[in-house]
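Participant: Okay, handing you the structure first.
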Amino acid sequence: MVGLSGVVGDHVDASVETIPPTVDDERASTYRDEGIAVRSAFHEGTATDQPVEAADGSLVWVWGEVFTVTDERGGRRRVDPAETARVCAGQYDEYGDGFVERLDGEFVGLRYDPDDGTATFFADRVGARPLYYAVGDGCLAFSTTIQTVPEVPGFEPAFAEPYLAEYLYSRRVQGTKTPVEGVEQIAPATLLTYDPDSGGFDERQYWEPRYDPVDKPLSYFVYELAKRFERAVADRMPREDGDYGLLLSGGSDSRTVLAAGGSALDCYHMGDGWNREARAAKRAADAAGADFELLERGLDYHETLLERAAPIQEFIGQFQSGHMLGYAEKLAETDALLTGLYCDVLFGSWGVPQREIDLPFGVTLWPPVPDVPVTPAGHVAQREADGMARDPAFVDAPPYGELIDANLRDRGGRVDAHGVEYESVGTLALSQYLYPVTNGIGFDLFAALQITPTRNPLLDRRLIDLHLSMPLKYRLRSDPVHRAMEALDPSLADIPHASTGVPVSSHKAAHVVGDRALNQVAKLTSSATHRTDGPMQDKNEVIRNHDFFERALDRNEQRGRALPCLDWAAVRETYRRHQAGEIHAGEELYRLVTVLETPLAERILDG
């Protein structure tokens, strides 16, 4: 495992081991003195020489990367991401703890003051790198993966039933909450100082999302998006001789990264043969003059993912969404991997609540009109209607809506949701998948981080600021990312989008019609196979056509019977009905097995 694990205060002799590495390129070390113990592991060639000592004697560790720093006049200076810890120590020397506000990157870090024994943890704007902590007797245990928070006197891990149920309902636990009793996550854009003498915390938030749309035409936002996106990609490819990879789909998000990075990127596509998605990705790579490699999957692919995902699972998405783990050795050959994640979250319709119109015969239309909730009740209703929400027959817990409502607090006009504050319910709704990033539903980013340094240009501060200033109507009625791609490389925009069958440069309405048409064709031509024309395998058919899932249930029955909020007899009945074709429960069953296979389940339940 790459990342950090440790103890501050008493009990620094506790075990601070990390889980075995996903690939064999990690450099690990342990630092220990009378007030702190830190186990660190980093990919070879990254910021491995840690801790770094600041001028006042403080020690600095960082997991993640910083790409640029900002000076007093707003100017940006590119820095070497392999020197991130040294950069952070130098910025601290100059600006004190306010240095974090000047950093652009994806990181979480720790500054330890040996004089007074305090530890200050710091996170980037959107919490792209998680850090989990638990309070023990006179100490704080922490880790960058929830699976390895050290056990210390006063803290023994146990499942927290409401948040475990929340994961099974929605494949995520929001905010700073986790499904482990006593374990919290540091909030985004936060400095959290722990004083072992008093046992107290000082928490300071240095940024938050504020939606402030500006009255400018779509052309302004397209121009700014293309310009800022190109610079963000360049910042994440600083070496001319670097070996940079791109996970390229047949859609538009990763293709926009290709439009900015061009032939310097080696493109990888995971698929089952040359289906429609793979053919579109290959056409895009060829048009950009980039190398392309198809990484073939098979029916046993999900079994491999379950084995490799379990030790590093963060309860964000389920195991099979760590798609790249099946090709970890191949992808580890790159110096860094770029993704197009969060394109639709920032500049598309994903995450924008829309008005719904119900028509006869079960048809629903979503006109391009925002319907952002302004009350807690409205927010709860939209979370219940979320496409990711499920109500598994085997979960014995309060309804999902009640769990969401129980974690909403009024803070004098502001709202606290699962331990993270927002300026309003509307801002909470619009920030649902970004602030923090762990509110998302994809395990893909967190899996990729264990393989090789993984960089997400869309999380650049300039693009987040642009996102906050863009009127919602442009995200619902147009495709700003498509227009930006056309500005960066028209040849890529001429290639059809794999999910719609029409060129990316086409009007949004054409993409809507094309998407629905291809979905209908897929329903009419579908057969009992795991293979699809899209980027994902059909998990329902994987379960029906491969015995790995039944074997997983068999070996985890004892844990399943001990797991809170779970009815094991109902699990078996759900599986039986799924196999008989009475229901499609692959999504719900995958979430359950994700939990049962983790080291945490072993630590908590097997005893």
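In the structure tokens, each chain is lettered A, B, ... as it comes, each chain's residues begin at 1, and ligands are numbered from 1 in order of appearance.
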Find the residues near range 21-26 of chain A: any atom within 8 Å, counting only C-alpha atoms, skip ones fewer than 3 places away on the same chain, and give them as a ChimeraX atom specification.
Facilitator: /A:1-2,41-44,308,328-329,332,450-451
Participant: With all heavy atoms retained, write the just-selected residues as an mmCIF file, in the first residue's frame.
Facilitator:
data_model
loop_
_atom_site.group_PDB
_atom_site.id
_atom_site.type_symbol
_atom_site.label_atom_id
_atom_site.label_comp_id
_atom_site.auth_asym_id
_atom_site.auth_seq_id
_atom_site.Cartn_x
_atom_site.Cartn_y
_atom_site.Cartn_z
ATOM 1 N N MET A 1 0.837 -1.203 0.000
ATOM 2 C CA MET A 1 0.000 0.000 0.000
ATOM 3 C C MET A 1 0.863 1.240 0.000
ATOM 4 O O MET A 1 1.767 1.366 0.816
ATOM 5 C CB MET A 1 -0.906 0.028 1.236
ATOM 6 C CG MET A 1 -1.818 1.239 1.305
ATOM 7 S SD MET A 1 -2.321 1.662 2.988
ATOM 8 C CE MET A 1 -0.908 2.623 3.536
ATOM 9 N N VAL A 2 0.611 2.177 -0.919
ATOM 10 C CA VAL A 2 1.280 3.460 -0.838
ATOM 11 C C VAL A 2 0.441 4.385 0.033
ATOM 12 O O VAL A 2 -0.782 4.388 -0.014
ATOM 13 C CB VAL A 2 1.500 4.084 -2.234
ATOM 14 C CG1 VAL A 2 2.479 3.252 -3.044
ATOM 15 C CG2 VAL A 2 0.195 4.241 -2.995
ATOM 16 N N ALA A 41 5.024 4.566 2.645
ATOM 17 C CA ALA A 41 5.334 3.763 1.464
ATOM 18 C C ALA A 41 4.965 4.588 0.238
ATOM 19 O O ALA A 41 3.868 5.166 0.182
ATOM 20 C CB ALA A 41 4.554 2.452 1.477
ATOM 21 N N PHE A 42 5.880 4.666 -0.721
ATOM 22 C CA PHE A 42 5.663 5.471 -1.911
ATOM 23 C C PHE A 42 6.151 4.706 -3.137
ATOM 24 O O PHE A 42 7.048 3.862 -3.049
ATOM 25 C CB PHE A 42 6.411 6.805 -1.818
ATOM 26 C CG PHE A 42 6.048 7.612 -0.602
ATOM 27 C CD1 PHE A 42 6.904 7.681 0.485
ATOM 28 C CD2 PHE A 42 4.847 8.287 -0.543
ATOM 29 C CE1 PHE A 42 6.579 8.418 1.607
ATOM 30 C CE2 PHE A 42 4.503 9.032 0.586
ATOM 31 C CZ PHE A 42 5.364 9.099 1.661
ATOM 32 N N HIS A 43 5.577 5.036 -4.288
ATOM 33 C CA HIS A 43 6.057 4.456 -5.528
ATOM 34 C C HIS A 43 7.489 4.914 -5.801
ATOM 35 O O HIS A 43 7.851 6.072 -5.534
ATOM 36 C CB HIS A 43 5.167 4.879 -6.697
ATOM 37 C CG HIS A 43 3.799 4.289 -6.659
ATOM 38 N ND1 HIS A 43 3.570 2.935 -6.685
ATOM 39 C CD2 HIS A 43 2.574 4.870 -6.598
ATOM 40 C CE1 HIS A 43 2.263 2.706 -6.640
ATOM 41 N NE2 HIS A 43 1.639 3.858 -6.587
ATOM 42 N N GLU A 44 8.290 4.021 -6.329
ATOM 43 C CA GLU A 44 9.661 4.353 -6.722
ATOM 44 C C GLU A 44 9.640 5.559 -7.665
ATOM 45 O O GLU A 44 8.844 5.641 -8.591
ATOM 46 C CB GLU A 44 10.306 3.162 -7.425
ATOM 47 C CG GLU A 44 11.780 3.338 -7.730
ATOM 48 C CD GLU A 44 12.631 3.276 -6.476
ATOM 49 O OE1 GLU A 44 12.328 2.455 -5.591
ATOM 50 O OE2 GLU A 44 13.602 4.046 -6.390
ATOM 51 N N ARG A 308 -7.838 -8.403 -5.666
ATOM 52 C CA ARG A 308 -6.889 -7.299 -5.569
ATOM 53 C C ARG A 308 -7.482 -6.055 -4.908
ATOM 54 O O ARG A 308 -6.739 -5.252 -4.338
ATOM 55 C CB ARG A 308 -6.370 -6.942 -6.969
ATOM 56 C CG ARG A 308 -5.531 -8.040 -7.589
ATOM 57 C CD ARG A 308 -4.829 -7.579 -8.847
ATOM 58 N NE ARG A 308 -3.851 -8.562 -9.292
ATOM 59 C CZ ARG A 308 -2.939 -8.345 -10.228
ATOM 60 N NH1 ARG A 308 -2.873 -7.163 -10.831
ATOM 61 N NH2 ARG A 308 -2.088 -9.277 -10.580
ATOM 62 N N ALA A 328 -2.490 -4.197 -13.320
ATOM 63 C CA ALA A 328 -1.630 -3.364 -12.476
ATOM 64 C C ALA A 328 -0.186 -3.388 -12.950
ATOM 65 O O ALA A 328 0.464 -2.333 -13.019
ATOM 66 C CB ALA A 328 -1.729 -3.828 -11.021
ATOM 67 N N GLU A 329 0.327 -4.555 -13.295
ATOM 68 C CA GLU A 329 1.735 -4.658 -13.688
ATOM 69 C C GLU A 329 2.003 -3.872 -14.965
ATOM 70 O O GLU A 329 3.039 -3.206 -15.097
ATOM 71 C CB GLU A 329 2.127 -6.128 -13.860
ATOM 72 C CG GLU A 329 2.163 -6.922 -12.553
ATOM 73 C CD GLU A 329 0.786 -7.275 -12.028
ATOM 74 O OE1 GLU A 329 -0.190 -7.216 -12.814
ATOM 75 O OE2 GLU A 329 0.671 -7.599 -10.827
ATOM 76 N N ALA A 332 1.762 -0.061 -14.202
ATOM 77 C CA ALA A 332 2.844 0.391 -13.327
ATOM 78 C C ALA A 332 4.095 0.748 -14.111
ATOM 79 O O ALA A 332 5.007 1.387 -13.563
ATOM 80 C CB ALA A 332 3.166 -0.691 -12.296
ATOM 81 N N GLN A 450 -2.785 3.040 -6.113
ATOM 82 C CA GLN A 450 -1.943 1.975 -5.571
ATOM 83 C C GLN A 450 -1.067 1.339 -6.652
ATOM 84 O O GLN A 450 -0.189 0.531 -6.342
ATOM 85 C CB GLN A 450 -2.808 0.908 -4.896
ATOM 86 C CG GLN A 450 -3.554 1.394 -3.673
ATOM 87 C CD GLN A 450 -2.629 1.867 -2.574
ATOM 88 O OE1 GLN A 450 -1.548 1.315 -2.378
ATOM 89 N NE2 GLN A 450 -3.024 2.908 -1.841
ATOM 90 N N ILE A 451 -1.301 1.688 -7.902
ATOM 91 C CA ILE A 451 -0.551 1.116 -9.019
ATOM 92 C C ILE A 451 0.575 2.037 -9.463
ATOM 93 O O ILE A 451 1.725 1.601 -9.634
ATOM 94 C CB ILE A 451 -1.493 0.823 -10.199
ATOM 95 C CG1 ILE A 451 -2.561 -0.195 -9.780
ATOM 96 C CG2 ILE A 451 -0.711 0.331 -11.407
ATOM 97 C CD1 ILE A 451 -3.658 -0.383 -10.808
#
Participant: Using backbone DSSP assignments, extract all strand (DSSP E or B) residues from range 27-62 of chain A; output them as an MDAnalysis selection string.
Facilitator: chainID A and resid 27:32 36:43 52:53 59:62
Participant: May I ask for the distance between CA of Asp243 in chain A and CA of Leu331 in chain A, given in Å to one decimal place?
Facilitator: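 One can read the CA of Asp243 in chain A to CA of Leu331 in chain A distance as 10.6 Å.
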Participant: Quick one: residues within 8 Å of Lys539 in chain A, only C-alpha atoms counted, chain neighbours fewer than 4 positions away excluded, as number ranges by chain?
Facilitator: A: 530, 543, 586-587
Participant: Can you work out the spacing between CA of Val60 in chain A and CA of Ala128 in chain A in Å, to one decimal?
Facilitator: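 According to the coordinates, CA of Val60 in chain A and CA of Ala128 in chain A are separated by 18.8 Å.
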